[in-house]
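Asks: Next up, target_17.cif (mmCIF, C-alpha atoms).
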data_run
#
loop_
_atom_site.label_atom_id
_atom_site.label_comp_id
_atom_site.auth_asym_id
_atom_site.auth_seq_id
_atom_site.Cartn_x
_atom_site.Cartn_y
_atom_site.Cartn_z
CA MET A 675 0.00 0.00 0.00
CA ARG A 676 1.29 3.47 -0.80
CA PRO A 677 1.78 5.80 2.19
CA ARG A 678 -1.11 8.12 3.05
CA LEU A 679 -0.61 11.12 5.32
CA PHE A 680 -3.62 12.29 7.36
CA THR A 681 -1.96 14.26 10.14
CA PRO A 682 -3.25 17.81 10.79
CA GLY A 683 0.12 19.19 9.73
CA PRO A 684 2.09 18.45 7.75
CA THR A 685 -0.62 17.67 5.25
CA GLN A 686 -0.52 16.24 1.74
CA ILE A 687 0.71 18.57 -1.00
CA SER A 688 0.09 18.52 -4.75
CA ASP A 689 2.46 17.25 -7.43
CA GLN A 690 2.51 20.75 -8.95
CA VAL A 691 3.91 22.18 -5.72
CA THR A 692 6.48 19.39 -5.40
CA LYS A 693 7.66 19.99 -8.96
CA ALA A 694 7.84 23.75 -8.43
CA MET A 695 10.12 23.25 -5.42
CA ALA A 696 12.44 21.06 -7.53
CA GLN A 697 13.50 24.09 -9.59
CA PRO A 698 17.15 25.16 -9.54
CA MET A 699 18.14 27.21 -6.48
CA ARG A 700 17.62 30.97 -6.72
CA HIS A 701 19.51 33.71 -4.92
CA HIS A 702 17.22 35.54 -2.52
CA ARG A 703 18.78 38.99 -3.10
CA SER A 704 18.53 38.98 -6.88
CA PRO A 705 16.16 41.42 -8.65
CA GLU A 706 14.20 38.47 -10.06
CA PHE A 707 13.63 36.94 -6.63
CA LYS A 708 12.63 40.30 -5.15
CA GLN A 709 9.87 40.57 -7.75
CA PHE A 710 8.91 36.97 -7.07
CA PHE A 711 8.70 37.68 -3.31
CA ALA A 712 6.59 40.79 -3.92
CA ASP A 713 4.14 38.74 -6.03
CA THR A 714 3.99 36.04 -3.35
CA SER A 715 3.30 38.61 -0.62
CA LYS A 716 0.35 39.94 -2.64
CA LEU A 717 -0.99 36.39 -2.95
CA LEU A 718 -0.71 36.07 0.84
CA GLN A 719 -2.74 39.24 1.34
CA GLN A 720 -5.50 37.70 -0.78
CA PHE A 721 -5.15 34.45 1.19
CA PHE A 722 -5.78 36.31 4.48
CA LYS A 723 -8.38 38.60 2.91
CA THR A 724 -6.51 41.70 3.96
CA LYS A 725 -5.02 44.85 2.45
CA ASN A 726 -2.58 45.11 5.36
CA ASP A 727 0.92 43.73 5.68
CA VAL A 728 1.49 39.98 5.81
CA LEU A 729 4.98 39.08 7.01
CA THR A 730 6.63 35.82 5.98
CA LEU A 731 8.97 34.27 8.56
CA THR A 732 11.27 31.31 8.20
CA SER A 733 9.98 29.44 11.25
CA SER A 734 7.18 27.25 12.44
CA GLY A 735 3.81 28.73 13.37
CA SER A 736 4.98 28.87 16.99
CA GLY A 737 7.66 31.35 15.92
CA GLY A 738 4.93 33.52 14.46
CA MET A 739 3.03 33.26 17.76
CA GLU A 740 6.07 34.36 19.76
CA GLY A 741 6.62 37.24 17.35
CA ALA A 742 2.98 38.30 17.74
CA ILE A 743 3.54 38.68 21.47
CA VAL A 744 6.95 40.33 21.60
CA ASN A 745 6.20 42.93 18.91
CA PHE A 746 2.88 44.32 20.12
CA LEU A 747 3.04 44.04 23.91
CA SER A 748 5.23 45.41 26.70
CA ARG A 749 6.62 44.31 30.05
CA GLY A 750 3.92 43.72 32.64
CA ASP A 751 1.02 44.02 30.19
CA LYS A 752 -2.12 42.12 31.11
CA VAL A 753 -3.40 39.68 28.50
CA ILE A 754 -6.38 37.33 28.34
CA THR A 755 -5.55 33.91 26.93
CA VAL A 756 -8.22 31.41 25.89
CA GLU A 757 -6.80 28.02 26.83
CA ALA A 758 -8.99 25.20 25.55
CA GLY A 759 -6.30 22.94 24.13
CA LYS A 760 -2.56 22.59 23.65
CA PHE A 761 -2.22 25.55 21.31
CA GLY A 762 -4.44 27.84 23.36
CA GLN A 763 -2.20 26.96 26.28
CA ARG A 764 0.79 27.93 24.15
CA TRP A 765 -0.43 31.54 24.08
CA GLY A 766 -0.29 31.51 27.87
CA GLU A 767 3.10 29.80 27.99
CA ILE A 768 4.74 32.30 25.63
CA SER A 769 3.14 35.25 27.45
CA ARG A 770 4.39 34.03 30.82
CA ALA A 771 7.88 33.45 29.39
CA TYR A 772 8.04 37.19 28.60
CA GLY A 773 6.74 38.32 31.97
CA LEU A 774 3.22 39.31 30.95
CA GLU A 775 0.34 39.13 33.42
CA VAL A 776 -1.82 36.31 32.11
CA ILE A 777 -5.55 36.07 32.81
CA PRO A 778 -6.36 32.59 31.50
CA LEU A 779 -9.80 31.43 30.47
CA ILE A 780 -9.42 27.72 31.17
CA ILE A 781 -11.86 25.57 29.21
CA GLU A 782 -12.22 21.81 29.10
CA TRP A 783 -10.50 20.36 26.05
CA GLY A 784 -13.09 19.75 23.36
CA ASP A 785 -15.26 22.64 24.53
CA PHE A 786 -15.12 26.24 23.29
CA ALA A 787 -15.29 29.84 24.47
CA THR A 788 -18.27 32.03 23.62
CA PRO A 789 -18.17 35.77 22.93
CA ASP A 790 -19.98 36.29 26.26
CA ASP A 791 -17.18 34.43 28.07
CA ILE A 792 -14.69 36.90 26.65
CA LYS A 793 -16.93 39.88 27.37
CA ASN A 794 -17.25 38.91 31.02
CA LEU A 795 -13.47 38.66 31.42
CA LEU A 796 -12.93 42.00 29.69
CA LEU A 797 -15.41 43.71 32.01
CA LYS A 798 -13.45 42.34 34.98
CA ASN A 799 -10.12 43.29 33.37
CA PRO A 800 -10.65 46.58 31.51
CA ASP A 801 -6.89 47.15 31.39
CA ALA A 802 -6.22 44.02 29.31
CA LYS A 803 -3.96 44.87 26.37
CA ALA A 804 -4.77 41.82 24.24
CA VAL A 805 -7.01 38.80 23.89
CA LEU A 806 -5.13 35.80 22.51
CA PHE A 807 -7.03 32.79 21.24
CA THR A 808 -7.15 30.03 18.65
CA HIS A 809 -9.49 29.89 15.66
CA SER A 810 -9.15 26.15 15.05
CA GLU A 811 -7.70 24.23 18.02
CA THR A 812 -5.65 21.47 16.42
CA SER A 813 -5.33 19.38 19.59
CA THR A 814 -9.10 18.94 19.94
CA GLY A 815 -10.55 19.60 16.47
CA THR A 816 -12.57 22.54 17.82
CA ALA A 817 -13.55 25.78 16.06
CA PHE A 818 -13.99 29.16 17.77
CA ASP A 819 -16.17 32.12 16.80
CA VAL A 820 -13.53 34.64 15.70
CA GLN A 821 -16.03 37.13 14.34
CA GLY A 822 -18.13 37.12 17.51
CA ILE A 823 -15.17 37.27 19.88
CA THR A 824 -13.50 40.08 17.93
CA ARG A 825 -16.75 42.05 17.97
CA VAL A 826 -17.11 41.92 21.77
CA VAL A 827 -13.45 42.85 22.20
CA ARG A 828 -14.00 45.93 20.03
CA GLU A 829 -17.21 46.88 21.86
CA ASN A 830 -15.83 46.48 25.38
CA SER A 831 -12.13 47.35 25.33
CA GLU A 832 -9.11 48.73 23.53
CA ALA A 833 -7.42 45.33 23.55
CA LEU A 834 -5.80 43.80 20.50
CA THR A 835 -7.16 40.56 19.08
CA ILE A 836 -4.27 38.18 18.40
CA ILE A 837 -5.31 34.93 16.77
CA ASP A 838 -3.72 31.57 16.07
CA GLY A 839 -5.04 30.88 12.57
CA VAL A 840 -2.55 28.10 11.87
CA THR A 841 -5.20 25.52 10.96
CA SER A 842 -7.89 27.93 9.86
CA VAL A 843 -6.62 30.43 7.27
CA GLY A 844 -7.50 29.01 3.85
CA VAL A 845 -9.55 26.28 5.52
CA LEU A 846 -12.40 27.97 7.42
CA PRO A 847 -14.17 31.21 6.50
CA PHE A 848 -11.85 33.97 7.70
CA PHE A 849 -12.01 37.69 6.87
CA MET A 850 -9.08 39.56 8.40
CA ASP A 851 -10.20 43.09 7.48
CA GLU A 852 -13.96 42.62 7.52
CA TRP A 853 -13.85 41.12 11.02
CA ASP A 854 -11.39 43.80 12.21
CA VAL A 855 -8.79 41.30 13.43
CA ASP A 856 -5.51 42.82 14.62
CA VAL A 857 -2.99 39.99 14.29
CA CYS A 858 -3.38 36.54 12.76
CA VAL A 859 -0.65 33.90 12.61
CA SER A 860 -0.67 30.96 10.22
CA GLY A 861 1.76 28.30 9.02
CA SER A 862 2.82 26.79 5.72
CA GLN A 863 2.02 23.13 6.32
CA LYS A 864 -1.74 23.57 6.80
CA GLY A 865 -4.16 25.49 4.56
CA ALA A 866 -1.32 26.80 2.39
CA MET A 867 -0.53 23.18 1.46
CA ILE A 868 3.28 23.24 1.38
CA PRO A 869 5.87 21.64 3.71
CA PRO A 870 6.58 23.02 7.21
CA GLY A 871 9.01 25.87 7.68
CA LEU A 872 7.21 29.17 7.09
CA ALA A 873 5.01 31.27 9.34
CA PHE A 874 2.80 34.11 8.14
CA VAL A 875 1.62 37.02 10.27
CA ALA A 876 -1.09 39.42 9.04
CA ILE A 877 -1.09 42.70 10.96
CA SER A 878 -3.54 45.61 11.26
CA GLU A 879 -2.56 49.27 11.48
CA ARG A 880 -3.89 49.31 15.05
CA ALA A 881 -1.39 46.61 15.96
CA TRP A 882 1.46 48.45 14.21
CA ARG A 883 0.77 51.47 16.40
CA CYS A 884 1.26 49.25 19.46
CA ALA A 885 4.54 48.03 17.96
CA GLU A 886 5.92 51.55 18.33
CA THR A 887 5.80 51.30 22.14
CA SER A 888 6.54 47.59 22.62
CA ASP A 889 9.56 47.03 24.85
CA LEU A 890 9.81 43.24 24.93
CA PRO A 891 13.13 41.81 23.67
CA LYS A 892 13.25 40.81 20.01
CA TYR A 893 15.85 40.31 17.31
CA TYR A 894 15.12 37.60 14.74
CA PHE A 895 11.39 38.17 15.22
CA ASP A 896 11.60 41.97 14.99
CA PHE A 897 8.49 42.75 12.94
CA LYS A 898 9.36 46.42 12.42
CA LYS A 899 12.57 45.28 10.75
CA ALA A 900 10.62 42.74 8.69
CA ARG A 901 8.09 45.39 7.66
CA LYS A 902 10.86 47.73 6.53
CA THR A 903 12.41 45.06 4.32
CA LEU A 904 8.98 44.00 3.04
CA ARG A 905 8.69 47.51 1.60
CA ASN A 906 11.79 46.66 -0.44
CA ASP A 907 10.39 43.26 -1.48
CA THR A 908 12.78 41.24 0.61
CA THR A 909 13.34 39.82 4.10
CA PRO A 910 15.74 40.85 6.89
CA PHE A 911 17.33 37.39 7.06
CA THR A 912 17.89 34.55 4.61
CA PRO A 913 14.46 33.12 3.71
CA ALA A 914 13.57 29.53 2.90
CA THR A 915 13.70 30.13 -0.86
CA THR A 916 12.53 26.67 -1.91
CA LEU A 917 9.50 26.88 0.38
CA LEU A 918 8.67 30.32 -1.01
CA ILE A 919 8.69 28.87 -4.52
CA GLY A 920 6.30 26.15 -3.35
CA LEU A 921 4.16 28.75 -1.58
CA ASN A 922 3.82 30.85 -4.72
CA GLU A 923 2.68 27.83 -6.72
CA ALA A 924 0.31 26.62 -3.99
CA LEU A 925 -1.33 30.04 -3.58
CA LYS A 926 -1.83 30.40 -7.31
CA LEU A 927 -3.53 27.00 -7.36
CA PHE A 928 -5.61 28.00 -4.31
CA HIS A 929 -6.78 31.29 -5.80
CA ALA A 930 -7.56 29.70 -9.16
CA LYS A 931 -10.45 27.90 -7.44
CA GLY A 932 -11.06 30.43 -4.69
CA HIS A 933 -11.77 30.55 -0.98
CA GLU A 934 -15.38 29.40 -1.25
CA TYR A 935 -14.41 26.27 -3.15
CA HIS A 936 -11.89 25.24 -0.47
CA TRP A 937 -14.14 26.18 2.45
CA GLN A 938 -16.92 24.03 1.00
CA LYS A 939 -14.58 21.16 0.16
CA TYR A 940 -13.25 20.93 3.70
CA ALA A 941 -16.74 21.35 5.17
CA ALA A 942 -18.05 18.50 3.01
CA MET A 943 -15.24 16.14 3.98
CA SER A 944 -15.42 16.92 7.69
CA TYR A 945 -19.20 16.53 7.73
CA ALA A 946 -18.97 13.24 5.87
CA VAL A 947 -16.32 11.81 8.20
CA ARG A 948 -18.06 12.89 11.41
CA THR A 949 -21.47 11.68 10.23
CA GLY A 950 -20.21 8.45 8.71
CA LEU A 951 -18.07 7.42 11.67
CA THR A 952 -20.85 8.29 14.10
CA ALA A 953 -23.20 6.04 12.12
CA ALA A 954 -20.58 3.29 12.46
CA GLY A 955 -20.62 3.61 16.25
CA LEU A 956 -17.78 6.03 16.98
CA GLU A 957 -18.13 9.36 18.81
CA VAL A 958 -16.95 12.85 17.83
CA PHE A 959 -14.75 14.43 20.50
CA SER A 960 -15.32 18.16 19.94
CA ARG A 961 -18.49 19.97 20.94
CA GLN A 962 -17.98 22.50 18.11
CA PRO A 963 -16.00 20.71 15.40
CA SER A 964 -13.60 22.43 13.03
CA HIS A 965 -13.64 21.59 9.32
CA ALA A 966 -9.83 21.55 9.33
CA LEU A 967 -9.65 18.18 11.06
CA THR A 968 -11.79 15.68 12.92
CA ALA A 969 -11.04 14.37 16.41
CA MET A 970 -12.81 11.11 17.27
CA LYS A 971 -12.93 9.26 20.58
CA VAL A 972 -11.23 5.88 20.60
CA PRO A 973 -13.85 3.16 21.21
CA THR A 974 -14.07 1.80 24.74
CA GLY A 975 -11.72 -1.13 25.27
CA ILE A 976 -9.41 -0.16 22.42
CA ASP A 977 -5.83 0.99 22.98
CA GLY A 978 -5.75 4.29 21.09
CA GLN A 979 -1.98 4.35 20.72
CA GLU A 980 -1.98 0.81 19.35
CA PHE A 981 -4.73 1.78 16.89
CA VAL A 982 -2.64 4.67 15.52
CA LYS A 983 0.39 2.33 15.35
CA ILE A 984 -1.50 -0.34 13.39
CA MET A 985 -2.88 2.25 10.99
CA ARG A 986 0.69 3.44 10.35
CA ASP A 987 2.67 0.20 10.36
CA LYS A 988 0.18 -2.25 8.83
CA TYR A 989 -1.95 -0.03 6.57
CA ASN A 990 0.61 2.71 5.81
CA LEU A 991 -1.81 5.48 6.85
CA THR A 992 -0.52 8.06 9.32
CA LEU A 993 -2.96 9.69 11.76
CA ALA A 994 -2.33 11.87 14.79
CA GLY A 995 -3.19 10.60 18.23
CA GLY A 996 -4.26 12.65 21.22
CA GLN A 997 -1.88 15.02 23.01
CA ASP A 998 -1.09 15.30 26.72
CA HIS A 999 -3.96 13.84 28.79
CA LEU A 1000 -5.83 12.82 25.60
CA LYS A 1001 -3.04 10.47 24.52
CA GLY A 1002 -4.59 7.12 23.67
CA LYS A 1003 -8.11 8.53 24.03
CA ILE A 1004 -8.69 10.25 20.67
CA PHE A 1005 -7.33 10.14 17.14
CA ARG A 1006 -7.20 13.07 14.72
CA LEU A 1007 -7.26 13.16 10.92
CA ALA A 1008 -6.86 16.12 8.60
CA HIS A 1009 -9.23 17.40 5.94
CA MET A 1010 -7.18 20.52 5.12
CA GLY A 1011 -4.54 19.99 2.51
CA TYR A 1012 -4.47 18.27 -0.87
CA TYR A 1013 -7.32 15.83 -0.17
CA ASP A 1014 -10.65 14.90 -1.70
CA HIS A 1015 -13.54 12.79 -0.43
CA LEU A 1016 -12.08 9.59 -1.91
CA ASP A 1017 -9.13 10.03 0.45
CA MET A 1018 -11.65 9.97 3.29
CA ILE A 1019 -13.03 6.70 1.92
CA ALA A 1020 -9.53 5.20 1.90
CA PHE A 1021 -9.12 6.32 5.51
CA ALA A 1022 -12.43 4.71 6.50
CA ALA A 1023 -11.49 1.42 4.85
CA ALA A 1024 -8.20 1.28 6.75
CA LEU A 1025 -9.96 2.27 9.99
CA GLU A 1026 -12.39 -0.63 9.64
CA LEU A 1027 -9.53 -3.08 9.16
CA ALA A 1028 -7.47 -1.70 12.07
CA LEU A 1029 -10.39 -1.72 14.51
CA ARG A 1030 -11.26 -5.27 13.56
CA ASP A 1031 -7.59 -6.23 14.12
CA LEU A 1032 -8.02 -4.90 17.66
CA GLY A 1033 -11.21 -6.88 18.22
CA TRP A 1034 -13.79 -4.10 17.89
CA PRO A 1035 -16.98 -5.51 16.27
CA LEU A 1036 -17.34 -3.12 13.34
CA VAL A 1037 -19.43 -4.37 10.42
CA PRO A 1038 -17.20 -4.28 7.29
CA GLY A 1039 -18.16 -1.44 4.96
CA LEU A 1040 -20.29 0.41 7.51
CA ALA A 1041 -17.92 3.38 7.96
CA VAL A 1042 -17.18 3.54 4.24
CA GLN A 1043 -20.87 3.50 3.38
CA GLY A 1044 -21.66 6.10 6.05
CA ILE A 1045 -19.07 8.54 4.73
CA GLN A 1046 -20.17 8.06 1.12
CA LYS A 1047 -23.80 8.66 2.04
CA ALA A 1048 -23.07 11.72 4.18
CA TYR A 1049 -20.82 13.27 1.53
CA THR A 1050 -23.52 12.82 -1.12
CA GLU A 1051 -26.11 14.39 1.19
CA PHE A 1052 -23.87 17.40 1.84
CA ILE A 1053 -22.98 18.21 -1.75
CA ASN A 1054 -26.60 17.74 -2.91
CA LYS A 1055 -28.26 19.80 -0.19
CA PRO A 1056 -30.03 23.00 -1.35
CA ALA A 1057 -27.85 26.12 -1.28
#
Now that the file is in, can you turn its structure into C-alpha cells?
Replies:
Amino acid sequence: MRPRLFTPGPTQISDQVTKAMAQPMRHHRSPEFKQFFADTSKLLQQFFKTKNDVLTLTSSGSGGMEGAIVNFLSRGDKVITVEAGKFGQRWGEISRAYGLEVIPLIIEWGDFATPDDIKNLLLKNPDAKAVLFTHSETSTGTAFDVQGITRVVRENSEALTIIDGVTSVGVLPFFMDEWDVDVCVSGSQKGAMIPPGLAFVAISERAWRCAETSDLPKYYFDFKKARKTLRNDTTPFTPATTLLIGLNEALKLFHAKGHEYHWQKYAAMSYAVRTGLTAAGLEVFSRQPSHALTAMKVPTGIDGQEFVKIMRDKYNLTLAGGQDHLKGKIFRLAHMGYYDHLDMIAFAAALELALRDLGWPLVPGLAVQGIQKAYTEFINKPA
C-alpha cells in the first residue's frame, strides 16, 4: 500500500507544488527573486483577505506566535488567553515566558469559548492589552467564533485581538479586514498546502501602532525590521527560498479555485467523516468541530496508541493521536490539505480493518458506506 498522510500538519501537497520546489536554487537577493517575493506577498494578502501587511517568517507557526507577542506588547502588560487545548495553552506559555500578566480562560479540552465568556473577562479586566485565542484548536478539532469574539473585544475594550489561525486560514471562513482582526498567525504546512518551515503574520494598522511602544526583547522576530524590508520586497534574514517557490505555486492554485471552493470542500469532507463514523458507532470528541480536522474518541476497550500504530505500520496510513492527557483517548485526521472525499473513503477502509484487528466488532463497509452517504447528502443539499 502506498503511504497516506492524514496528520493535521504536515498535510498532503500537490504534485505541482512538489515539482515547483524542484526548480534550480535561486539567490534571494537577486532582482528576479525580489519581484517573485513581492508577487507572493500579494498572494498572501489575498489568502488572508486583507489589504494590510502579511509578514513571511522562516519558522514554524509557533515562531509567528512568539513574534505576535513580543512585537505588540510590553513588560507587565495584562493579557487574556483562551486556553482550551494545547495551542491555546501555548499563548499563555509564551506570554508568561516574557513576563506578561496572564488572565487565562481555562476551558475543558473539546469545549469552546463564547463571545460572552470573553466579554465577562474583559469587564473584569478593563486594562487588558490583548485577547489571545485560537481559531481552530488542532489538539481537539474545535472551532472558535472569531467574528463574535473580535466584535465583543471591540465593543468592550481597547485590547488587540491576536489569533492563532494556523489551521484555519484558507480552511475555514476567515475575513481579516472585515472582522477587524488585529494579528493573525498561520503556518505553511496547513491550509497553504506546502511543507513546514514558514510562518505568516497578518497585521492591522492598530497593531502596528502598538509596535511603536513595545519594549519586549526581540531580534530575529523583529516585525518592524521585517516590515521595513517587506517595503523593499525582501526579508531581513535569509528566507527559505525553496519553500517560497512552493508557496507561490500553492497560492496560485488555491486562488484559481477560490476561498469558497476550499471552504466548501473541507466542510463536506469533515461533515462526511463525522457523520459516517458516528453512524458506524464512533463518537466525535469536539463539541464544536472544526472543518480543518476531525477528532474522534477511541472506542471503549481499544488501545488508542496501538490503533494509531496499526494504521501506520500495517496499513501505511498516518494519523495523529491525542496530546497530553488525551493520549490514547482520541485520534485526529486532517481534511485541510491536498485531499478529496475519496481520500476519506480510503481512511475509513483502513480504519475498519485496524479496529477489527483490535477486536472491535465493526461491520465491514459500515464506515465507508456512512461517509459516502453523508458526503452525497452534503454536496446535494439546497444552497
Asks: Could you list, as a list in words, every residue matched by the PyMOL selection byres ((chain A and resi 979) around 9) in this structure?
Replies: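 Expected selection for the PyMOL selection byres ((chain A and resi 979) around 9) here is Ile976, Asp977, Gly978, Glu980, Phe981, Val982, Lys983, Ile984, Gly995, Gly996, Lys1001, Gly1002, Lys1003, Ile1004 and Phe1005 of chain A.
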Asks: Generate the output file for the selected residues, C-alpha atoms, as a PDB file, keeping the file's coordinate frame.
Replies:
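Below you can see selection14.pdb, which holds the result:
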ATOM      1  CA  ILE A 976      -9.410  -0.160  22.420  1.00  0.00           C
ATOM      2  CA  ASP A 977      -5.830   0.990  22.980  1.00  0.00           C
ATOM      3  CA  GLY A 978      -5.750   4.290  21.090  1.00  0.00           C
ATOM      4  CA  GLU A 980      -1.980   0.810  19.350  1.00  0.00           C
ATOM      5  CA  PHE A 981      -4.730   1.780  16.890  1.00  0.00           C
ATOM      6  CA  VAL A 982      -2.640   4.670  15.520  1.00  0.00           C
ATOM      7  CA  LYS A 983       0.390   2.330  15.350  1.00  0.00           C
ATOM      8  CA  ILE A 984      -1.500  -0.340  13.390  1.00  0.00           C
ATOM      9  CA  GLY A 995      -3.190  10.600  18.230  1.00  0.00           C
ATOM     10  CA  GLY A 996      -4.260  12.650  21.220  1.00  0.00           C
ATOM     11  CA  LYS A1001      -3.040  10.470  24.520  1.00  0.00           C
ATOM     12  CA  GLY A1002      -4.590   7.120  23.670  1.00  0.00           C
ATOM     13  CA  LYS A1003      -8.110   8.530  24.030  1.00  0.00           C
ATOM     14  CA  ILE A1004      -8.690  10.250  20.670  1.00  0.00           C
ATOM     15  CA  PHE A1005      -7.330  10.140  17.140  1.00  0.00           C
TER      16      PHE A1005
END
Asks: Hey, what comes out of the PyMOL selection byres ((chain A and resi 796) around 12) on this file? Could you write it as a VMD selection string?
Replies: chain A and resid 752 to 755 777 to 779 789 to 795 797 to 805 823 to 824 826 to 834
Asks: Calculated over all atoms listed in the file, which of the candidates A:Lys1047, A:Lys723, A:His965, A:Arg986 has the smallest distance to His809 (chain A)?
Replies: A:His965
Asks: Between A:Pro913, A:Gly932, A:Leu925, A:Leu717, which is the closest to Gly871 (chain A) once you count all atoms listed in the file?
Replies: A:Pro913
Asks: One decimal, Å: what's the distance from CA of Ser810 (chain A) over to CA of Leu967 (chain A), could you say?
Replies: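 Atom-to-atom, CA of Ser810 (chain A) and CA of Leu967 (chain A) are spaced 8.9 Å apart.
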Asks: Take CA of Phe897 (chain A) and CA of Cys858 (chain A) and report the distance between them in Å, one decimal.
Replies: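 Distance reported for this atom pair: 13.4 Å.
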Asks: Given the PyMOL selection byres ((chain A and resi 703) around 10) and the file above, list the residues it selects as number ranges by chain.
Replies: A: 700-702, 704-708, 907-909, 912-913
Asks: List the spatial neighbours of Thr685 (chain A) as a PyMOL selection string - criterion: any atom at most 7 Å away, all atoms listed in the file, same-chain residues fewer than 4 positions off excluded.
Replies: chain A and resi 679-681+863-864+867+1011
Asks: Name the residues in contact with Leu951 (chain A) at a cut-off of 7 Å, using all atoms listed in the file, excluding same-chain residues fewer than 5 positions from it; report them as a PyMOL selection string.
Replies: chain A and resi 956+1041+1044
Asks: Taking into account all atoms listed in the file, which residue in the set A:Ala994, A:Ala914, A:Met1010, A:Val1042 is nearest to Ala1024 (chain A)?
Replies: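 So, comparing all the options, the nearest one is A:Val1042.
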Asks: One number please: CA of His999 (chain A) to CA of Glu782 (chain A), in Å, one decimal.
Replies: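 Separating CA of His999 (chain A) from CA of Glu782 (chain A) is a distance of 11.5 Å.
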